[in-house]
Amino acid sequence: MTNTIADIEEADVILITGSNTTENHPVISSGVKRAVTQKGTQLIVVDPRRIRITRYADKWLRQNLGTDVAWINGLMHVIIKEGLHDKQFIEERTEGYDELEKMVDKFTPDFVEQITGIPAQELIDAARLYAGAERGCILYCMGITQHTTGTDNVKSLANLAMLCGNMGIAGGGVNPLRGQNNVQGACDMGGLPDVYSGYQKIIDEAARHRMAEAWGVETLPDQPGMKVTHMMPAAHDGTFKALYIIGENPLVSDPDVNHAEKCLDNLEFMVVQDIFLTETAQRADVVLPSACYAEKDGTFTNSERRVQRVRKAVEPPGEAWDDWKILCEIATRMGYAMAYDSSQQIMEEISKVTPSYAGINYERIAHEGLHWPCPTTEHPGTPILHGAQFTRGKGLFHAIDFIEPAEKTDAEYPLYLTTGRLLYQYHTGTMSMRTGGLNQIAPEAFVEISAPDARKFELEEGTLVNIASRRGTIQARIKISRKAVDGTVFIPFHFASAAANRLTNAALDPISGIPEYKVCAVKVSKAA
Amino acid sequence: MPSENSVLINGNRFSYKPGDTILEVAHRNSIDIPTLCYLKGTSPTGACRMCVVEVKGARSLVASCSAPVAPNMVVQTETPQVIEARRMVLQLLLSSGNHNCAVSGSTANNWTEFQLSVIKAEENTELCPVWGDCRLQDLAFRYQVTGERFEPTETAYEMETANPFILRDFSRCIQCGRCVQACNEVQVNQAIHFGYRGAATKIIAAGDRPYINSDCVFCGECVQACPVGALVEKDARYEARPWETQKVRTTCTYCGVGCQIYLHVKNNRVVKASGAEEAAPNFGSLCVKGRFGFDFIDSPDRLKTPLIKDNGTFREASWDEALDLVARKLGEIKAEHGADTIGFLTSARISNEENYIAQKFARAVVQTNNVDHCARL
Ligand code: SF4
Ligand code: SF4
Ligand code: SF4
Ligand code: FES
């Protein structure tokens, strides 16, 4: 997030898109609801489903799946045409505005209506509302990123925020809400193929030398590595031999699970380090037991870049170890002596080699976490990014055209499928399904469908159906819901027994490598 | 010196900001005024009258949580009249409902009868589940009152046990309304409100339905706000008395909000979780996963030893054997096919320290940049 969680309540207008906030980020949604009900903040929600937060919306736009660039360009078209953009901000702090203006020129409200299904007048009203705000805050989640055009969608939202001067101010910003608790930290720490901790680039020779020196090795590989979405097909081809997986369950979470299974089975060697014998771990050659969050010390970094403490409350079961200790032992056996006394000692090393974490240590965050960048131990942390200046100097507008989603419906697969999460379950369910109460309330997968569609396909509440895409078939029960929009069904992806990801499309965003979980074509029929 | 924006409390002069209540000024200056219904961050309801104070010139006692200060107001927070009023409030509350903790003060005979009736209602022989962690009990002790002064009143409503998380015990509800404020003004879930009238008053979800059939999303904000034993975590009930548990402050393991949470530990088991009220980003709020989703920690399915697959089935192995095997295989594959045929998936669920070590291992030890995680998925 460019801004903080508390900051959301400072906005005059909040725009939420691609985030089922009340179910996936409940505590943040409370902040939004407080702002709307107690401070008169206005709320725009752009989402095809009638999710709960739409109850609080002043404007709710229901776009066709996978048409985000179109409506965002449409908003910008209206804003520019009506002269509501922040000319001073654009002049002083950004580049590339002219190309943007040219690009959005054709996205007239009528043209956008044809693509997105959003009535022209509604688009105009929403544009006026957002642009009229002194402080406009944008919140988004996977509904924006999990598309073949995910990167385009994100850049488009940044365009919109810059166009209205909503960057670097309290109550503004473009704020992705992170799905899993330490996604931010995993990225910050260099859990990515092209960067070390703190986003220091692998291809930057100076950075490479610094890291090699800090780690006491002669050289480090100088080419970016493979993304997970490329490792899988390479495993399938046999050019990729071994995978070491820590705390992840790609056999439920990956797109096109049928294919992923074949890929993993083709590996020569697979190690899984986890707290449970997950669907993925079952296919491993070696499984190593690790401690869970309640059994270890460390830090997590939340969505607002706040580095916070994790503390050991109980002993791990049996012989489970801290994940870092397992890796250190293997490293040592491979001839690279690696040993630490504690996670605190590791944090000391992190702060030495990571400029954005340089000022962070356990003492400083004992009571309350700090936001990175925090370059020195005197620095108070950075709650709001891009304050006086963008990280790159000037904010760059990206002129982006609309591209259709990778898969479309047709006579054989007449419905769109979109996937997502439920309040009572978490990711692939390895933790939440082992908590009695959560499971009691949300025990199994279902297909959410609108009443008209149910009638059209002659399905009743509770009917067991086959849902098939071009890649696979699963079974689940019908749930007729006011949340659903005609022509689109929704399935939560948590459940391995009816893994929605047996259906989803592995088509990737060319830059982020994120698969298009949010759009694919399916057919639904009564199970025999 | 008297000045425009100052107020005299217990003989000391304090400044205030326009709009401050007497209670806010007092608390800011470490003057303790007891409260029951007041919930920080929400609009005061003035329901309990526990926080009354004497204001010079006022005809009756004033509820400090809802009374704004006026210029040069003179306030006394602990006069005999104030104390008597608070005692009365407490005595009334204690005589209504099953307050079977040490402060109820029944004589031996009465106590037995009373306790038997409570046992019948609860099928449990112990004292109130929150005893030792109850605002009403603390205040009764502070003001040295018992529940004997007034005739005990019966509770009209049965306990609600129909959901897996929260137990609603109307026999201990003092109708302070904090749960209603918490649900409507803090979490804004708008699931509960005051229902019926007079002696029949009850906190209800729409249509007086059980939580499980209502708009309730089991965030548990109401449980944390309840000053007595009327709303309790079902699993922790009678499991964990506050003096038996240790509270460990940590960060929630589920979503990216990163709520600050206390794990309550008894005999090496997490028995309860509560929100840390003193810290960002959640200031005490949690959702159902953070508050009730900790059973997995001591699930019997947890992996307890390393496993090695032989001919398609797993067998248990020692750490030494497993670590040796992994080190040897990775070394062999690297030697034979090259480091870039090996990949690492780190995790959005492990700590920063562990992610850092994982990429260091891949890059420095194995010498590959094939490091990624499934966070985008
Ligand atoms: S658990 Fe949460 S939603 Fe349910 S009644 Fe309590 S405060 Fe409201
Ligand atoms: S349930 Fe608890 S918080 Fe709610 S009114 Fe009763 S005593 Fe107060
Ligand atoms: S308590 Fe709920 S909202 Fe808070 S971090 Fe945990 S999962 Fe997220
Ligand atoms: S605390 Fe003021 S009336 Fe209850």
# chains A, B, ... in the order shown; residues from 1 in each chain; ligands from 1
call {"tool": "residues_around", "arguments": {"residues": "range 94-103 of chain B", "least_positions_apart": "3", "cutoff": "6 Å", "atoms": "only C-alpha atoms", "output": "ChimeraX atom specification"}}
result
/B:91,127-128,146-147,152-153,155,171-172
call {"tool": "residues_near_ligand", "arguments": {"ligand": "ligand 4", "cutoff": "10 Å", "atoms": "only C-alpha atoms and all ligand atoms", "output": "list in words"}}
result
Leu23, Ile33, Pro34, Thr35, Leu36, Cys37, Tyr38, Leu39, Pro44, Thr45, Gly46, Ala47, Cys48, Arg49, Met50, Cys51, Val52, Val53, Val62, Ala63, Ser64, Cys65, Ser66, Ala67, Cys176, Gly177 and Arg178 of chain B
call {"tool": "closest_atom_pairs", "arguments": {"of": "range 167-266 of chain B", "to": "range 288-312 of chain B", "cutoff": "9 Å", "atoms": "only C-alpha atoms", "output": "tab-separated table"}}
result
residue	atom	partner	partner_atom	distance
B:Val217	CA	B:Val288	CA	7.1
B:Phe218	CA	B:Val288	CA	5.2
B:Cys219	CA	B:Val288	CA	4.5
B:Gly220	CA	B:Val288	CA	6.9
B:Glu233	CA	B:Phe292	CA	8.4
B:Cys252	CA	B:Gly290	CA	5.9
B:Thr253	CA	B:Gly290	CA	7.5
B:Tyr254	CA	B:Gly290	CA	6.8
B:Cys255	CA	B:Gly290	CA	8.8
B:Cys259	CA	B:Gly290	CA	7.9
B:Ile261	CA	B:Gly290	CA	7.8
call {"tool": "write_last_selection", "arguments": {"atoms": "N, CA, C and O atoms", "output": "compact mmCIF listing (two decimals), in the first residue's frame"}}
result
# COMPACT_ATOMS: atom_id res chain seq x y z
N VAL B 217 -21.01 -11.94 11.85
CA VAL B 217 -19.90 -12.58 11.14
C VAL B 217 -18.83 -13.10 12.10
O VAL B 217 -17.72 -13.40 11.71
N PHE B 218 -19.20 -13.17 13.38
CA PHE B 218 -18.33 -13.78 14.40
C PHE B 218 -16.95 -13.14 14.50
O PHE B 218 -15.95 -13.82 14.68
N CYS B 219 -16.95 -11.81 14.38
CA CYS B 219 -15.68 -11.11 14.59
C CYS B 219 -15.31 -11.13 16.06
O CYS B 219 -14.16 -10.95 16.43
N GLY B 220 -16.32 -11.28 16.95
CA GLY B 220 -16.04 -11.35 18.38
C GLY B 220 -15.73 -10.02 19.03
O GLY B 220 -15.32 -9.95 20.18
N GLU B 233 -16.10 -16.64 24.78
CA GLU B 233 -15.65 -17.57 23.76
C GLU B 233 -16.06 -18.97 24.22
O GLU B 233 -15.74 -19.38 25.32
N CYS B 252 -1.26 -11.77 13.71
CA CYS B 252 -2.15 -12.79 13.16
C CYS B 252 -1.52 -13.47 11.95
O CYS B 252 -0.83 -12.84 11.16
N THR B 253 -1.80 -14.74 11.79
CA THR B 253 -1.17 -15.51 10.72
C THR B 253 -2.01 -15.57 9.44
O THR B 253 -1.57 -16.13 8.45
N TYR B 254 -3.19 -15.00 9.44
CA TYR B 254 -4.04 -15.16 8.26
C TYR B 254 -3.81 -14.08 7.20
O TYR B 254 -2.94 -14.22 6.37
N CYS B 255 -4.58 -13.00 7.21
CA CYS B 255 -4.49 -12.11 6.05
C CYS B 255 -3.46 -11.01 6.22
O CYS B 255 -2.81 -10.89 7.26
N CYS B 259 -3.13 -7.99 11.95
CA CYS B 259 -3.68 -7.58 13.24
C CYS B 259 -2.78 -8.01 14.39
O CYS B 259 -2.23 -9.10 14.39
N ILE B 261 -2.33 -9.28 18.07
CA ILE B 261 -3.19 -10.25 18.72
C ILE B 261 -2.50 -10.75 19.98
O ILE B 261 -1.27 -10.77 20.04
call {"tool": "residues_near_ligand", "arguments": {"ligand": "ligand 1", "cutoff": "8 Å", "atoms": "only C-alpha atoms and all ligand atoms", "output": "ChimeraX atom specification"}}
result
/B:166,179-180,182-184,187-192,205,211,215-223,287-288
call {"tool": "residues_near_ligand", "arguments": {"ligand": "ligand 3", "cutoff": "10 Å", "atoms": "only C-alpha atoms and all ligand atoms", "output": "PDB file with N, CA, C and O atoms, in the first residue's frame"}}
result
ATOM      1  N   THR A  21     -13.855  -6.949   0.330  1.00  0.00           N
ATOM      2  CA  THR A  21     -13.173  -6.484   1.536  1.00  0.00           C
ATOM      3  C   THR A  21     -13.730  -7.085   2.826  1.00  0.00           C
ATOM      4  O   THR A  21     -12.970  -7.465   3.701  1.00  0.00           O
ATOM      5  N   THR A  22     -15.051  -7.171   2.937  1.00  0.00           N
ATOM      6  CA  THR A  22     -15.593  -7.645   4.219  1.00  0.00           C
ATOM      7  C   THR A  22     -15.231  -9.097   4.484  1.00  0.00           C
ATOM      8  O   THR A  22     -15.138  -9.510   5.624  1.00  0.00           O
ATOM      9  N   GLU A  23     -15.022  -9.891   3.434  1.00  0.00           N
ATOM     10  CA  GLU A  23     -14.670 -11.282   3.676  1.00  0.00           C
ATOM     11  C   GLU A  23     -13.170 -11.515   3.735  1.00  0.00           C
ATOM     12  O   GLU A  23     -12.690 -12.381   4.458  1.00  0.00           O
ATOM     13  N   ASN A  24     -12.412 -10.760   2.926  1.00  0.00           N
ATOM     14  CA  ASN A  24     -10.983 -11.054   2.837  1.00  0.00           C
ATOM     15  C   ASN A  24     -10.105 -10.176   3.714  1.00  0.00           C
ATOM     16  O   ASN A  24      -9.023 -10.587   4.110  1.00  0.00           O
ATOM     17  N   HIS A  25     -10.548  -8.972   4.000  1.00  0.00           N
ATOM     18  CA  HIS A  25      -9.794  -8.076   4.881  1.00  0.00           C
ATOM     19  C   HIS A  25     -10.782  -7.433   5.837  1.00  0.00           C
ATOM     20  O   HIS A  25     -11.004  -6.211   5.798  1.00  0.00           O
ATOM     21  N   PRO A  26     -11.383  -8.248   6.680  1.00  0.00           N
ATOM     22  CA  PRO A  26     -12.501  -7.781   7.502  1.00  0.00           C
ATOM     23  C   PRO A  26     -12.174  -6.547   8.331  1.00  0.00           C
ATOM     24  O   PRO A  26     -12.984  -5.624   8.415  1.00  0.00           O
ATOM     25  N   VAL A  27     -11.006  -6.508   8.919  1.00  0.00           N
ATOM     26  CA  VAL A  27     -10.714  -5.395   9.816  1.00  0.00           C
ATOM     27  C   VAL A  27     -10.527  -4.098   9.030  1.00  0.00           C
ATOM     28  O   VAL A  27     -10.912  -3.019   9.484  1.00  0.00           O
ATOM     29  N   ILE A  28      -9.999  -4.196   7.809  1.00  0.00           N
ATOM     30  CA  ILE A  28      -9.917  -3.004   6.956  1.00  0.00           C
ATOM     31  C   ILE A  28     -11.317  -2.576   6.518  1.00  0.00           C
ATOM     32  O   ILE A  28     -11.643  -1.398   6.483  1.00  0.00           O
ATOM     33  N   SER A  29     -12.166  -3.558   6.228  1.00  0.00           N
ATOM     34  CA  SER A  29     -13.519  -3.202   5.803  1.00  0.00           C
ATOM     35  C   SER A  29     -14.248  -2.438   6.898  1.00  0.00           C
ATOM     36  O   SER A  29     -15.046  -1.556   6.621  1.00  0.00           O
ATOM     37  N   SER A  30     -13.948  -2.745   8.156  1.00  0.00           N
ATOM     38  CA  SER A  30     -14.584  -2.008   9.257  1.00  0.00           C
ATOM     39  C   SER A  30     -14.197  -0.541   9.200  1.00  0.00           C
ATOM     40  O   SER A  30     -15.032   0.334   9.437  1.00  0.00           O
ATOM     41  N   ARG A 178      -3.104  -7.116   0.646  1.00  0.00           N
ATOM     42  CA  ARG A 178      -2.406  -8.383   0.460  1.00  0.00           C
ATOM     43  C   ARG A 178      -3.217  -9.525   1.031  1.00  0.00           C
ATOM     44  O   ARG A 178      -3.714  -9.457   2.135  1.00  0.00           O
ATOM     45  N   GLY A 179      -3.287 -10.596   0.245  1.00  0.00           N
ATOM     46  CA  GLY A 179      -4.127 -11.720   0.634  1.00  0.00           C
ATOM     47  C   GLY A 179      -3.562 -12.515   1.787  1.00  0.00           C
ATOM     48  O   GLY A 179      -4.255 -12.815   2.749  1.00  0.00           O
ATOM     49  N   GLN A 180      -2.300 -12.867   1.700  1.00  0.00           N
ATOM     50  CA  GLN A 180      -1.735 -13.699   2.752  1.00  0.00           C
ATOM     51  C   GLN A 180      -0.876 -12.837   3.663  1.00  0.00           C
ATOM     52  O   GLN A 180      -0.330 -11.836   3.253  1.00  0.00           O
ATOM     53  N   ASN A 181      -0.739 -13.285   4.910  1.00  0.00           N
ATOM     54  CA  ASN A 181      -0.256 -12.334   5.903  1.00  0.00           C
ATOM     55  C   ASN A 181       1.137 -11.804   5.631  1.00  0.00           C
ATOM     56  O   ASN A 181       1.444 -10.681   5.956  1.00  0.00           O
ATOM     57  N   ASN A 302       3.080  -6.360   7.078  1.00  0.00           N
ATOM     58  CA  ASN A 302       1.688  -6.372   6.627  1.00  0.00           C
ATOM     59  C   ASN A 302       1.505  -5.551   5.351  1.00  0.00           C
ATOM     60  O   ASN A 302       2.450  -5.020   4.794  1.00  0.00           O
ATOM     61  N   SER A 303       0.254  -5.460   4.910  1.00  0.00           N
ATOM     62  CA  SER A 303      -0.085  -4.759   3.668  1.00  0.00           C
ATOM     63  C   SER A 303       0.389  -3.320   3.630  1.00  0.00           C
ATOM     64  O   SER A 303       0.651  -2.777   2.571  1.00  0.00           O
ATOM     65  N   LEU A 423     -14.953 -15.701   3.922  1.00  0.00           N
ATOM     66  CA  LEU A 423     -14.543 -15.202   5.235  1.00  0.00           C
ATOM     67  C   LEU A 423     -14.045 -16.320   6.140  1.00  0.00           C
ATOM     68  O   LEU A 423     -13.086 -16.165   6.869  1.00  0.00           O
ATOM     69  N   TYR A 424     -14.734 -17.455   6.105  1.00  0.00           N
ATOM     70  CA  TYR A 424     -14.462 -18.480   7.113  1.00  0.00           C
ATOM     71  C   TYR A 424     -13.368 -19.460   6.718  1.00  0.00           C
ATOM     72  O   TYR A 424     -13.077 -20.392   7.454  1.00  0.00           O
ATOM     73  N   GLN A 425     -12.812 -19.308   5.511  1.00  0.00           N
ATOM     74  CA  GLN A 425     -11.717 -20.199   5.146  1.00  0.00           C
ATOM     75  C   GLN A 425     -10.545 -19.355   4.701  1.00  0.00           C
ATOM     76  O   GLN A 425     -10.665 -18.158   4.423  1.00  0.00           O
ATOM     77  N   TYR A 426      -9.387 -19.995   4.609  1.00  0.00           N
ATOM     78  CA  TYR A 426      -8.188 -19.259   4.275  1.00  0.00           C
ATOM     79  C   TYR A 426      -7.372 -20.041   3.274  1.00  0.00           C
ATOM     80  O   TYR A 426      -6.987 -21.185   3.531  1.00  0.00           O
TER      81      TYR A 426
ATOM     82  N   CYS B 219     -16.954 -11.808  14.377  1.00  0.00           N
ATOM     83  CA  CYS B 219     -15.685 -11.109  14.594  1.00  0.00           C
ATOM     84  C   CYS B 219     -15.312 -11.126  16.065  1.00  0.00           C
ATOM     85  O   CYS B 219     -14.157 -10.953  16.427  1.00  0.00           O
ATOM     86  N   THR B 251       1.481 -11.415  15.869  1.00  0.00           N
ATOM     87  CA  THR B 251       0.787 -10.926  14.686  1.00  0.00           C
ATOM     88  C   THR B 251      -0.042 -12.062  14.110  1.00  0.00           C
ATOM     89  O   THR B 251       0.438 -13.195  14.028  1.00  0.00           O
ATOM     90  N   CYS B 252      -1.260 -11.769  13.705  1.00  0.00           N
ATOM     91  CA  CYS B 252      -2.155 -12.790  13.164  1.00  0.00           C
ATOM     92  C   CYS B 252      -1.522 -13.473  11.951  1.00  0.00           C
ATOM     93  O   CYS B 252      -0.830 -12.843  11.156  1.00  0.00           O
ATOM     94  N   THR B 253      -1.800 -14.739  11.793  1.00  0.00           N
ATOM     95  CA  THR B 253      -1.167 -15.512  10.719  1.00  0.00           C
ATOM     96  C   THR B 253      -2.006 -15.573   9.438  1.00  0.00           C
ATOM     97  O   THR B 253      -1.571 -16.132   8.449  1.00  0.00           O
ATOM     98  N   TYR B 254      -3.187 -14.998   9.440  1.00  0.00           N
ATOM     99  CA  TYR B 254      -4.038 -15.156   8.262  1.00  0.00           C
ATOM    100  C   TYR B 254      -3.808 -14.078   7.200  1.00  0.00           C
ATOM    101  O   TYR B 254      -2.935 -14.225   6.373  1.00  0.00           O
ATOM    102  N   CYS B 255      -4.584 -13.000   7.207  1.00  0.00           N
ATOM    103  CA  CYS B 255      -4.488 -12.105   6.047  1.00  0.00           C
ATOM    104  C   CYS B 255      -3.459 -11.005   6.222  1.00  0.00           C
ATOM    105  O   CYS B 255      -2.809 -10.889   7.258  1.00  0.00           O
ATOM    106  N   GLY B 256      -3.317 -10.165   5.212  1.00  0.00           N
ATOM    107  CA  GLY B 256      -2.280  -9.145   5.184  1.00  0.00           C
ATOM    108  C   GLY B 256      -2.565  -7.899   6.007  1.00  0.00           C
ATOM    109  O   GLY B 256      -1.787  -6.954   5.975  1.00  0.00           O
ATOM    110  N   VAL B 257      -3.685  -7.856   6.746  1.00  0.00           N
ATOM    111  CA  VAL B 257      -3.908  -6.711   7.622  1.00  0.00           C
ATOM    112  C   VAL B 257      -2.854  -6.724   8.733  1.00  0.00           C
ATOM    113  O   VAL B 257      -2.356  -5.683   9.160  1.00  0.00           O
ATOM    114  N   GLY B 258      -2.499  -7.923   9.171  1.00  0.00           N
ATOM    115  CA  GLY B 258      -1.461  -8.031  10.207  1.00  0.00           C
ATOM    116  C   GLY B 258      -1.937  -7.573  11.573  1.00  0.00           C
ATOM    117  O   GLY B 258      -1.244  -6.859  12.296  1.00  0.00           O
ATOM    118  N   CYS B 259      -3.134  -7.993  11.953  1.00  0.00           N
ATOM    119  CA  CYS B 259      -3.683  -7.577  13.245  1.00  0.00           C
ATOM    120  C   CYS B 259      -2.784  -8.012  14.390  1.00  0.00           C
ATOM    121  O   CYS B 259      -2.228  -9.100  14.394  1.00  0.00           O
ATOM    122  N   GLN B 260      -2.686  -7.136  15.388  1.00  0.00           N
ATOM    123  CA  GLN B 260      -1.929  -7.457  16.600  1.00  0.00           C
ATOM    124  C   GLN B 260      -2.849  -8.193  17.557  1.00  0.00           C
ATOM    125  O   GLN B 260      -3.974  -7.781  17.826  1.00  0.00           O
ATOM    126  N   ILE B 261      -2.329  -9.284  18.073  1.00  0.00           N
ATOM    127  CA  ILE B 261      -3.191 -10.251  18.718  1.00  0.00           C
ATOM    128  C   ILE B 261      -2.504 -10.748  19.982  1.00  0.00           C
ATOM    129  O   ILE B 261      -1.270 -10.765  20.039  1.00  0.00           O
ATOM    130  N   ALA B 273      -7.728 -16.236  21.925  1.00  0.00           N
ATOM    131  CA  ALA B 273      -7.006 -15.122  21.306  1.00  0.00           C
ATOM    132  C   ALA B 273      -7.821 -13.851  21.514  1.00  0.00           C
ATOM    133  O   ALA B 273      -9.055 -13.898  21.525  1.00  0.00           O
ATOM    134  N   SER B 274      -7.131 -12.733  21.718  1.00  0.00           N
ATOM    135  CA  SER B 274      -7.851 -11.463  21.821  1.00  0.00           C
ATOM    136  C   SER B 274      -7.073 -10.385  21.074  1.00  0.00           C
ATOM    137  O   SER B 274      -5.880 -10.535  20.834  1.00  0.00           O
ATOM    138  N   GLY B 275      -7.747  -9.326  20.713  1.00  0.00           N
ATOM    139  CA  GLY B 275      -7.107  -8.254  19.960  1.00  0.00           C
ATOM    140  C   GLY B 275      -6.321  -7.333  20.880  1.00  0.00           C
ATOM    141  O   GLY B 275      -6.759  -7.050  21.989  1.00  0.00           O
ATOM    142  N   PRO B 281      -2.315  -2.099  13.663  1.00  0.00           N
ATOM    143  CA  PRO B 281      -3.318  -1.424  12.840  1.00  0.00           C
ATOM    144  C   PRO B 281      -4.755  -1.696  13.271  1.00  0.00           C
ATOM    145  O   PRO B 281      -5.657  -1.053  12.770  1.00  0.00           O
ATOM    146  N   ASN B 282      -4.972  -2.619  14.215  1.00  0.00           N
ATOM    147  CA  ASN B 282      -6.353  -3.041  14.471  1.00  0.00           C
ATOM    148  C   ASN B 282      -6.950  -2.501  15.759  1.00  0.00           C
ATOM    149  O   ASN B 282      -8.144  -2.559  15.961  1.00  0.00           O
ATOM    150  N   GLY B 284      -7.419  -3.585  18.670  1.00  0.00           N
ATOM    151  CA  GLY B 284      -8.301  -4.512  19.388  1.00  0.00           C
ATOM    152  C   GLY B 284      -9.255  -5.293  18.508  1.00  0.00           C
ATOM    153  O   GLY B 284      -9.746  -6.344  18.910  1.00  0.00           O
ATOM    154  N   SER B 285      -9.549  -4.798  17.320  1.00  0.00           N
ATOM    155  CA  SER B 285     -10.471  -5.526  16.447  1.00  0.00           C
ATOM    156  C   SER B 285      -9.787  -6.742  15.836  1.00  0.00           C
ATOM    157  O   SER B 285      -8.590  -6.725  15.574  1.00  0.00           O
ATOM    158  N   LEU B 286     -10.560  -7.787  15.596  1.00  0.00           N
ATOM    159  CA  LEU B 286     -10.077  -8.960  14.871  1.00  0.00           C
ATOM    160  C   LEU B 286     -11.224  -9.454  14.009  1.00  0.00           C
ATOM    161  O   LEU B 286     -12.332  -8.950  14.099  1.00  0.00           O
ATOM    162  N   CYS B 287     -10.951 -10.457  13.156  1.00  0.00           N
ATOM    163  CA  CYS B 287     -12.051 -11.110  12.452  1.00  0.00           C
ATOM    164  C   CYS B 287     -12.149 -12.539  12.965  1.00  0.00           C
ATOM    165  O   CYS B 287     -11.378 -12.968  13.809  1.00  0.00           O
ATOM    166  N   VAL B 288     -13.088 -13.271  12.426  1.00  0.00           N
ATOM    167  CA  VAL B 288     -13.350 -14.619  12.945  1.00  0.00           C
ATOM    168  C   VAL B 288     -12.113 -15.508  12.855  1.00  0.00           C
ATOM    169  O   VAL B 288     -11.862 -16.333  13.733  1.00  0.00           O
ATOM    170  N   LYS B 289     -11.316 -15.339  11.810  1.00  0.00           N
ATOM    171  CA  LYS B 289     -10.140 -16.211  11.667  1.00  0.00           C
ATOM    172  C   LYS B 289      -9.088 -15.895  12.719  1.00  0.00           C
ATOM    173  O   LYS B 289      -8.548 -16.787  13.362  1.00  0.00           O
ATOM    174  N   GLY B 290      -8.820 -14.617  12.892  1.00  0.00           N
ATOM    175  CA  GLY B 290      -7.821 -14.225  13.874  1.00  0.00           C
ATOM    176  C   GLY B 290      -8.240 -14.583  15.288  1.00  0.00           C
ATOM    177  O   GLY B 290      -7.447 -15.032  16.097  1.00  0.00           O
ATOM    178  N   ARG B 291      -9.528 -14.415  15.610  1.00  0.00           N
ATOM    179  CA  ARG B 291      -9.970 -14.626  16.971  1.00  0.00           C
ATOM    180  C   ARG B 291     -10.257 -16.095  17.292  1.00  0.00           C
ATOM    181  O   ARG B 291     -10.028 -16.555  18.400  1.00  0.00           O
ATOM    182  N   PHE B 292     -10.777 -16.813  16.315  1.00  0.00           N
ATOM    183  CA  PHE B 292     -11.190 -18.185  16.625  1.00  0.00           C
ATOM    184  C   PHE B 292     -10.447 -19.251  15.824  1.00  0.00           C
ATOM    185  O   PHE B 292     -10.719 -20.436  15.974  1.00  0.00           O
ATOM    186  N   GLY B 293      -9.534 -18.839  14.939  1.00  0.00           N
ATOM    187  CA  GLY B 293      -8.925 -19.812  14.020  1.00  0.00           C
ATOM    188  C   GLY B 293      -7.584 -20.345  14.472  1.00  0.00           C
ATOM    189  O   GLY B 293      -6.666 -20.405  13.668  1.00  0.00           O
TER     190      GLY B 293
END
call {"tool": "decode", "arguments": {"residues": "range 496-503 of chain A", "atoms": "N, CA, C and O atoms", "output": "mmCIF file, in the first residue's frame"}}
result
data_model
loop_
_atom_site.group_PDB
_atom_site.id
_atom_site.type_symbol
_atom_site.label_atom_id
_atom_site.label_comp_id
_atom_site.auth_asym_id
_atom_site.auth_seq_id
_atom_site.Cartn_x
_atom_site.Cartn_y
_atom_site.Cartn_z
ATOM 1 N N ALA A 496 -9.867 -28.583 -1.625
ATOM 2 C CA ALA A 496 -9.131 -29.516 -2.479
ATOM 3 C C ALA A 496 -10.063 -30.539 -3.117
ATOM 4 O O ALA A 496 -9.857 -30.968 -4.248
ATOM 5 N N SER A 497 -11.125 -30.917 -2.392
ATOM 6 C CA SER A 497 -12.004 -31.962 -2.907
ATOM 7 C C SER A 497 -12.801 -31.481 -4.117
ATOM 8 O O SER A 497 -13.257 -32.283 -4.928
ATOM 9 N N ALA A 498 -12.994 -30.175 -4.220
ATOM 10 C CA ALA A 498 -13.643 -29.624 -5.412
ATOM 11 C C ALA A 498 -12.836 -28.408 -5.824
ATOM 12 O O ALA A 498 -13.288 -27.282 -5.784
ATOM 13 N N ALA A 499 -11.589 -28.654 -6.172
ATOM 14 C CA ALA A 499 -10.649 -27.557 -6.392
ATOM 15 C C ALA A 499 -11.055 -26.747 -7.606
ATOM 16 O O ALA A 499 -10.989 -27.216 -8.741
ATOM 17 N N ALA A 500 -11.474 -25.503 -7.353
ATOM 18 C CA ALA A 500 -11.872 -24.627 -8.447
ATOM 19 C C ALA A 500 -10.731 -24.477 -9.435
ATOM 20 O O ALA A 500 -10.940 -24.238 -10.617
ATOM 21 N N ASN A 501 -9.516 -24.657 -8.950
ATOM 22 C CA ASN A 501 -8.372 -24.486 -9.837
ATOM 23 C C ASN A 501 -8.122 -25.678 -10.761
ATOM 24 O O ASN A 501 -7.164 -25.705 -11.507
ATOM 25 N N ARG A 502 -9.011 -26.685 -10.719
ATOM 26 C CA ARG A 502 -8.981 -27.680 -11.794
ATOM 27 C C ARG A 502 -9.602 -27.088 -13.061
ATOM 28 O O ARG A 502 -9.480 -27.624 -14.146
ATOM 29 N N LEU A 503 -10.339 -25.991 -12.876
ATOM 30 C CA LEU A 503 -11.052 -25.388 -14.013
ATOM 31 C C LEU A 503 -10.347 -24.169 -14.577
ATOM 32 O O LEU A 503 -10.460 -23.868 -15.756
#
